[in-house]
Amino acid sequence: MERRNAFYSLLAFGLLLLAFVSPAAADDPVAGPGAAPAAGRKAFLPFISAARPPANAIYWGVSMQGCPADLGKLSAWERDVAGKGVSIIHWGHDWNLDGGYRPWSNSAADKARGHGSIPMISWSPEGGDKSRWQLRRIAGGEHDAYIRQFAESAKNWGHPLLLRMMHEMNGNWGYPWQEDVNGNRRGEFVPAWRRIVDIFRQTGANNVSFVWCPNKVYPKSTYPSYASLYPGDSYVDWTCLDGYNWGSQRREGWESFDTVFGYSYGEVLKVAPNKPMMIGEFGVTEQGGSKADWIANALAQIPAKYPRVRAALYFNWAMDGVDWRIESSSAAAGAWRAGISRPHYATNVYGGLRGRVPVP
C-alpha cells in the first residue's frame, strides 16, 4: 500500500501531497470503489480526495453562524482568515421544530461533504417546552419514533458523520439533558444516551460515530469526575471536551490553554483511555490578555502535549456579549493562520470518505 500511495502521490506532483492523497482503491473499506472528489468544492481542496487521514493528523474546523447553509461565507473565511480549508464543519440541530420534530437534512450534510469536509452535528433534545426533553422521557421511549426516523435518514445518507449528542452534560446552566436541572435526577443521563445509540444500531446506521462531549471540569460541575456520566466504551466512539478562556469577563481571569484543558484531559483519559478525543468547542476572548498569543500557544500545544486529541473545533461566533471569532483582531487572525498552517492540521480533502470517520 505504501508503494502504491507513493506512486500516486508522485503523479499528483510530488511527495508533498503524500500525507493527504491516496487513490480510492476498490478494496479500501474507507475510500470504497471509485471514490472521487465531490463536485463543487471550494478553495484549498486538492484534486484527489484522501482515503483516510495520515498518521498523527488532526482534523480541524469551526462552528460558524450560517454554516453549512452559506458555504460562500466559509470559503471566504478560509481564504482570507485561515489560509486553509476546514476538515470538519460543525453545526447544531435541535430536536424541536414548531412543537414537532426537526428532521434530518440531506442538504446540510451534502454541503459539508461537497466542501471536502466531514460533517459534525451537535444533536440536542431542546427547544420549546423543556420538560418534553427530560432524560427519563428519552430513556423511557417517548421519542423513539423520531430517533429511529433520524437514524434511518442518516443511514440512508450513507456517508461518515460525527454525531455529538447532548453535549456539556456535566453543566448546570439549563440544557434540558443536564442532570440536576429540568426535573432530571442523578443517574438518568446514561440510560438516555444508551437508548439513542441502541436505536441507531438497530437501524444499521453504521456510518455514524458518537461523540461524548462534557464541558471542562469547573467549580459548579454536576460531578467532580466524569465516571458517572460516561455511557461506556461500547456506546462511545469519540470522547470530547469543551472549554473557553473567558479572560477578565469572569472571575477566574485569564487562563492558558493548559489551564482550560489540562486537568480535564486527564480526567477523560481516566474513563476512556483508548478512545480518540476531540475538542468540540474552544474559544478565547480579547479581554484580559493577548488573544493572539493564546491562539498560537493552543495550536502548538495540541499536537505537542495532547496526543489523544485527533480533532479540534473552534467556536467562531460572536454571541452573549463576547466576540470569540478568530478574526476579532488582525493579530489573532494572523496567529491562527500561522498556527493552523502546521502539517498536523488536515485540510478539506475528505469528501470521498466512505464508511465511518477514520481516526488518524
# chains A, B, ... in the order shown; residues from 1 in each chain; ligands from 1

$ residues_around --residues "Cys240 in chain A" --least-positions-apart "2" --cutoff "10 Å" --atoms "only C-alpha atoms" --output "ChimeraX atom specification"
/A:164,167-168,211-216,238,242,265,268,275-281,309-312

$ write_last_selection --atoms "C-alpha atoms" --output "PDB file, in the first residue's frame"
ATOM      1  CA  ARG A 164     -22.212  14.940  19.141  1.00  0.00           C
ATOM      2  CA  HIS A 167     -23.042  17.898  24.958  1.00  0.00           C
ATOM      3  CA  GLU A 168     -21.827  19.528  28.196  1.00  0.00           C
ATOM      4  CA  VAL A 211     -19.173  11.874  20.285  1.00  0.00           C
ATOM      5  CA  TRP A 212     -19.487  12.142  24.085  1.00  0.00           C
ATOM      6  CA  CYS A 213     -18.597  15.710  24.999  1.00  0.00           C
ATOM      7  CA  PRO A 214     -18.611  17.040  28.577  1.00  0.00           C
ATOM      8  CA  ASN A 215     -17.576  20.550  29.476  1.00  0.00           C
ATOM      9  CA  LYS A 216     -14.209  21.024  31.129  1.00  0.00           C
ATOM     10  CA  TRP A 238     -15.023   9.666  20.355  1.00  0.00           C
ATOM     11  CA  ASP A 242     -15.494  21.927  25.525  1.00  0.00           C
ATOM     12  CA  TYR A 265      -7.982  15.973  29.543  1.00  0.00           C
ATOM     13  CA  VAL A 268     -11.378  11.998  30.380  1.00  0.00           C
ATOM     14  CA  LYS A 275     -10.807   6.428  22.720  1.00  0.00           C
ATOM     15  CA  PRO A 276      -9.819   9.191  20.295  1.00  0.00           C
ATOM     16  CA  MET A 277     -10.605  12.597  21.736  1.00  0.00           C
ATOM     17  CA  MET A 278     -11.624  15.881  20.197  1.00  0.00           C
ATOM     18  CA  ILE A 279     -12.002  19.417  21.419  1.00  0.00           C
ATOM     19  CA  GLY A 280     -15.590  20.048  20.408  1.00  0.00           C
ATOM     20  CA  GLU A 281     -15.640  23.759  21.215  1.00  0.00           C
ATOM     21  CA  VAL A 309      -6.736  14.800  20.638  1.00  0.00           C
ATOM     22  CA  ARG A 310      -7.357  13.971  16.983  1.00  0.00           C
ATOM     23  CA  ALA A 311      -9.725  16.848  16.185  1.00  0.00           C
ATOM     24  CA  ALA A 312     -10.115  20.461  17.327  1.00  0.00           C
TER      25      ALA A 312
END

$ residues_around --residues "range 68-75 of chain A" --least-positions-apart "4" --cutoff "10 Å" --atoms "only C-alpha atoms" --output "list in words"
Arg41, Lys42, Ala43, Phe44, Val62, Ser63, Met64, Arg79, Asp80, Val81, Ala82, Gly83, Lys84, Gly85, Val86, Ile89, His90, Trp91, Ser107, Ala108, Ala109, Asp110, Lys111, Ala112, Arg113, Gly114, His115 and Pro119 of chain A

$ residues_around --residues "Ala296 in chain A" --least-positions-apart "3" --cutoff "6 Å" --atoms "only C-alpha atoms" --output "PyMOL selection string"
chain A and resi 293+299+335+339

$ write_last_selection --atoms "N, CA and C atoms" --output "PDB file, in the first residue's frame"
ATOM      1  N   ASP A 293      -1.463  35.492  21.264  1.00  0.00           N
ATOM      2  CA  ASP A 293      -0.516  34.589  21.917  1.00  0.00           C
ATOM      3  C   ASP A 293      -1.217  33.318  22.393  1.00  0.00           C
ATOM      4  N   LEU A 299      -2.540  26.149  19.397  1.00  0.00           N
ATOM      5  CA  LEU A 299      -2.310  25.352  18.199  1.00  0.00           C
ATOM      6  C   LEU A 299      -0.961  24.639  18.233  1.00  0.00           C
ATOM      7  N   ALA A 335      -2.217  34.948  14.029  1.00  0.00           N
ATOM      8  CA  ALA A 335      -1.734  33.835  14.846  1.00  0.00           C
ATOM      9  C   ALA A 335      -2.415  32.536  14.437  1.00  0.00           C
ATOM     10  N   GLY A 339      -0.554  29.251  12.912  1.00  0.00           N
ATOM     11  CA  GLY A 339      -0.618  28.003  13.666  1.00  0.00           C
ATOM     12  C   GLY A 339      -1.277  26.881  12.909  1.00  0.00           C
TER      13      GLY A 339
END

$ closest_residue --among "A:Trp317, A:Trp324, A:Phe200, A:Tyr306" --to "Leu269 in chain A" --atoms "only C-alpha atoms"
A:Tyr306

$ select_by_dssp --residues "range 35-239 of chain A" --states "strand (DSSP E)" --output "PyMOL selection string"
chain A and resi 58-63+88-94+96-97+100-101+118-124+161-165+208-212+238-239

$ select_by_dssp --residues "range 64-104 of chain A" --states "alpha helix (DSSP H)" --output "PyMOL selection string"
chain A and resi 71-77

$ decode --residues "range 231-252 of chain A" --atoms "N, CA and C atoms" --output "compact mmCIF listing (two decimals), in the first residue's frame"
# COMPACT_ATOMS: atom_id res chain seq x y z
N PRO A 231 -21.17 6.74 29.23
CA PRO A 231 -22.05 5.62 28.88
C PRO A 231 -21.35 4.29 28.69
N GLY A 232 -20.02 4.28 28.61
CA GLY A 232 -19.28 3.05 28.39
C GLY A 232 -18.65 3.00 27.01
N ASP A 233 -17.54 2.30 26.90
CA ASP A 233 -16.80 2.27 25.64
C ASP A 233 -17.62 1.75 24.48
N SER A 234 -18.53 0.84 24.73
CA SER A 234 -19.32 0.27 23.63
C SER A 234 -20.39 1.23 23.13
N TYR A 235 -20.58 2.34 23.81
CA TYR A 235 -21.58 3.34 23.41
C TYR A 235 -20.97 4.66 22.97
N VAL A 236 -19.67 4.75 22.92
CA VAL A 236 -18.98 5.99 22.58
C VAL A 236 -17.89 5.69 21.57
N ASP A 237 -17.81 6.51 20.52
CA ASP A 237 -16.74 6.37 19.53
C ASP A 237 -15.61 7.38 19.75
N TRP A 238 -15.99 8.61 20.05
CA TRP A 238 -15.02 9.67 20.35
C TRP A 238 -15.40 10.30 21.69
N THR A 239 -14.38 10.59 22.51
CA THR A 239 -14.61 11.48 23.65
C THR A 239 -14.30 12.90 23.22
N CYS A 240 -14.54 13.85 24.11
CA CYS A 240 -14.55 15.24 23.68
C CYS A 240 -14.48 16.15 24.91
N LEU A 241 -14.07 17.37 24.70
CA LEU A 241 -14.11 18.39 25.74
C LEU A 241 -14.47 19.73 25.12
N ASP A 242 -15.25 20.53 25.86
CA ASP A 242 -15.49 21.93 25.53
C ASP A 242 -14.86 22.80 26.60
N GLY A 243 -14.31 23.93 26.20
CA GLY A 243 -13.75 24.84 27.18
C GLY A 243 -13.36 26.16 26.55
N TYR A 244 -13.42 27.22 27.35
CA TYR A 244 -13.16 28.58 26.87
C TYR A 244 -12.29 29.35 27.85
N ASN A 245 -11.52 30.27 27.31
CA ASN A 245 -10.82 31.26 28.13
C ASN A 245 -11.63 32.56 28.09
N TRP A 246 -12.36 32.83 29.18
CA TRP A 246 -13.23 34.00 29.25
C TRP A 246 -12.47 35.27 29.64
N GLY A 247 -11.21 35.13 30.01
CA GLY A 247 -10.41 36.29 30.36
C GLY A 247 -10.99 37.07 31.52
N SER A 248 -10.94 38.39 31.42
CA SER A 248 -11.40 39.25 32.51
C SER A 248 -12.91 39.33 32.61
N GLN A 249 -13.63 38.64 31.72
CA GLN A 249 -15.08 38.67 31.76
C GLN A 249 -15.65 37.71 32.80
N ARG A 250 -14.80 36.90 33.41
CA ARG A 250 -15.23 36.04 34.51
C ARG A 250 -14.19 36.10 35.63
N ARG A 251 -14.60 35.70 36.79
CA ARG A 251 -13.74 35.86 37.96
C ARG A 251 -12.50 35.00 37.92
N GLU A 252 -12.53 33.92 37.11
CA GLU A 252 -11.33 33.09 37.00
C GLU A 252 -10.16 33.85 36.38
